[in-house]
Amino acid sequence: MGFLKGVALLAGLAAANGASAQDAKVTRLVPGSDFHGVHGLRFSPKGELYAGSVAGQSLYSVDLATGKAKVLVGPPQGMADDMAFGPGDQVVWTAISDNIVYSRRGDGPVEVLEKDLVSINSITFSRDGKRLFAAQVFGGDALWELDPAGKAPRRMIREGMGGFNSFAAGPDGWLYGPLWFKGQVVKINPDTGDMVVVADGLDTPAAAKFDSKDNLYAIDTHLGELIRIDIRTGAKTKVAQLSTALDNFAIDAKDQIVVSNMADNGLQIVDPATGAVRQVMKGALAFPADIAVASDGGKESLFVADVFSYRGVDGQSGAVRDIARVHTKGSKLEYPTGVSVGAERVLLASAPTGAVLVYDRRTGEALSVLHGFKSPADALELADGSILVAELASGDLVKAKGDQRTTLAGGLAAPASLALGPDGGVYVAEVAGGRITRVDLATGAKTVVARDLNLPKAVALAPDGRLAVLEVGAKRVVSIDPKTGTVKVVAKDLPLGLVTKPFPLAGGIAVGPSGAIYVTSDVENAIYKIEAR
């Protein structure tokens, strides 16, 4: 499974978003942003900056003067972890979650250049543009030469390097890049596969690029550093201190360096001569996939699984705070896509990594991590201290307590969200089945509560006992009586459904003690609050 991925009845917002609702006031609590997690960056030969998003499955062009991004290729073909430019107005990019390398020439059609390359990640052309190289990282670990025309078979150059992430062709014809898992920058001979260490002692280097004078730069994602490296001696010089969770960077014709940050959903420009940093774009959220709510002293607080971060939001003001970020030294966070909150603990599910993470609700401390689940979409803490996990890939509800794991119920059609009922049952949103199903916690017996829904991504229990459901395919929130299955529309025409195939990767709903409904918009990267008039 890949990573992942307006409504305002107040006059101004309604006009801006075209949203509507039934007897409700809908306001934007947290503003949105252009990207949906931003990763690979590259300047085209014409000087245009391209940016890629994996979870958002989009390839963008960016105007650095205005700080605005435009979608060039949308989901699903736009998924881009890294990209490169070749002769003939060709751009190629890697869809890491789909194991595909795409190619496009000018305004022509998007074509599959290579497929079945598991976790294909980094890509670049030789300096003369005649040769194309790409590397698998994370799900694989190999460097390949590809035919830019997509006709000749690919050739393996080397494998088992240690995560040859975003790399560049050097002045000597070798390929220079970071080894993510070894803390090194190396160079590899594309003809022989020979590898030589250029610099050592980094924490987690994510990318390496040359400027116009063949100075080599690298970024360290865990430390948030931009570093200059002497390719003759290996000496390292810190150029700028940035935030953690860096992903990639590009260097323009004036040797300014643009760095992407996946957790900040933003771009920064660094002057390598002075180390001065200028923020060009930044989002309040990265890619909000799910949301939970709790009340402390009568004040509602939101907990957001933000894919590249775990964040808290004030339910009244919308103020956002970081709790944890991926790819940060000491952080245990793993791409959270589901979240629930209990009296003392917050559970985060990571469908991409198969993990459930347990955090202290009040301190934000990571307490433990449970691995080995099959694309866990959501997790709940039960009264006996066990954890109930909804597995997207298997269709099972798995009960975990310590090292013991048992299947409570199976045969569910992509269980994406869980809501604990007051009657000894749990309500499950079967996003692929279009159903809300009640599962008895004692017996595992299943009862369909509502059917024929259009991609019900998330479910939450309201104080009045009704269920609030985020119906992504219909772009609306509905209220369902669990006793009768009666469906009532609460709000419609919501900005939902950025990625819907095979089913939505993002979209969460939560209901506070006040009755306020909070939903995440995957299209806008925003959070909305729905209240009764």
# chains A, B, ... in the order shown; residues from 1 in each chain; ligands from 1
$ residues_around --residues "range 377-383 of chain A" --least-positions-apart "3" --cutoff "10 Å" --atoms "only C-alpha atoms" --output "PyMOL selection string"
chain A and resi 289-290+336-343+345-352+354-358+373-374+386-393+397-400+414-420+426+428+441+458+505-506
$ residues_around --residues "range 525-531 of chain A" --least-positions-apart "6" --cutoff "6 Å" --atoms "only C-alpha atoms" --output "list in words"
Ala24, Lys25, Val26, Thr27, Arg28, Leu29, Val30, Pro31, Gly32, Ser33, Phe287, Ala516, Ile517, Tyr518 and Val519 of chain A
$ closest_residue --among "A:Phe167, A:Trp174, A:Tyr427, A:Tyr335" --to "Gly444 in chain A" --atoms "only C-alpha atoms"
A:Tyr427
$ closest_residue --among "A:Pro178, A:Gly473, A:Gly424, A:Gly385" --to "Pro502 in chain A" --atoms "only C-alpha atoms"
A:Gly473
$ atom_distance --atom1 "CA of Val499 in chain A" --atom2 "CA of Thr124 in chain A"
27.4 Å
$ atom_distance --atom1 "CA of Arg155 in chain A" --atom2 "CA of Thr192 in chain A"
11.6 Å
$ select_by_dssp --residues "range 363-438 of chain A" --states "strand (DSSP E or B)" --output "number ranges by chain"
A: 366-370, 376-381, 387-391, 397-401, 404-409, 415-420, 425-430, 435-438
$ residues_around --residues "Ile120 in chain A" --least-positions-apart "2" --cutoff "12 Å" --atoms "only C-alpha atoms" --output "VMD selection string"
chain A and resid 54 79 to 83 93 to 102 114 to 118 122 to 123 133 to 144 146 163 to 166
$ residues_around --residues "Leu72 in chain A" --least-positions-apart "4" --cutoff "8 Å" --atoms "only C-alpha atoms" --output "count of residues only"
5
$ atom_distance --atom1 "CA of Lys483 in chain A" --atom2 "CA of Ala429 in chain A"
16.0 Å
$ residues_around --residues "range 262-264 of chain A" --least-positions-apart "6" --cutoff "8 Å" --atoms "only C-alpha atoms" --output "NGL selection string"
:A and (37-39 or 245-247 or 282-286 or 308-309 or 325-326)
$ write_last_selection --atoms "C-alpha atoms" --output "mmCIF file, in the first residue's frame"
data_model
loop_
_atom_site.group_PDB
_atom_site.id
_atom_site.type_symbol
_atom_site.label_atom_id
_atom_site.label_comp_id
_atom_site.auth_asym_id
_atom_site.auth_seq_id
_atom_site.Cartn_x
_atom_site.Cartn_y
_atom_site.Cartn_z
ATOM 1 C CA GLY A 37 3.794 15.876 1.551
ATOM 2 C CA VAL A 38 6.616 17.089 -0.696
ATOM 3 C CA HIS A 39 9.594 14.962 -1.690
ATOM 4 C CA ALA A 245 12.257 15.444 8.171
ATOM 5 C CA LEU A 246 14.068 16.829 5.131
ATOM 6 C CA ASP A 247 13.520 14.842 1.946
ATOM 7 C CA LYS A 282 4.854 25.816 4.462
ATOM 8 C CA GLY A 283 1.662 24.060 5.479
ATOM 9 C CA ALA A 284 0.034 23.940 8.882
ATOM 10 C CA LEU A 285 -0.366 20.202 8.230
ATOM 11 C CA ALA A 286 1.458 17.765 5.960
ATOM 12 C CA PHE A 308 4.760 12.661 8.127
ATOM 13 C CA SER A 309 4.048 13.904 11.640
ATOM 14 C CA ARG A 325 7.938 13.963 13.285
ATOM 15 C CA VAL A 326 9.145 11.157 11.055
#
$ closest_residue --among "A:Asp230, A:Asp200, A:Asp128, A:Asp396" --to "Pro87 in chain A" --atoms "only C-alpha atoms"
A:Asp128
$ residues_around --residues "Arg228 in chain A" --least-positions-apart "6" --cutoff "10 Å" --atoms "only C-alpha atoms" --output "PyMOL selection string"
chain A and resi 208-210+215-219+234-240+272
$ closest_residue --among "A:Ser212, A:Asn189, A:Thr437, A:Gln268" --to "Leu226 in chain A" --atoms "only C-alpha atoms"
A:Gln268
$ residues_around --residues "Phe249 in chain A" --least-positions-apart "6" --cutoff "7 Å" --atoms "only C-alpha atoms" --output "list of chain:residue names"
A:Leu41, A:Ile257, A:Val258, A:Val259, A:Ser260
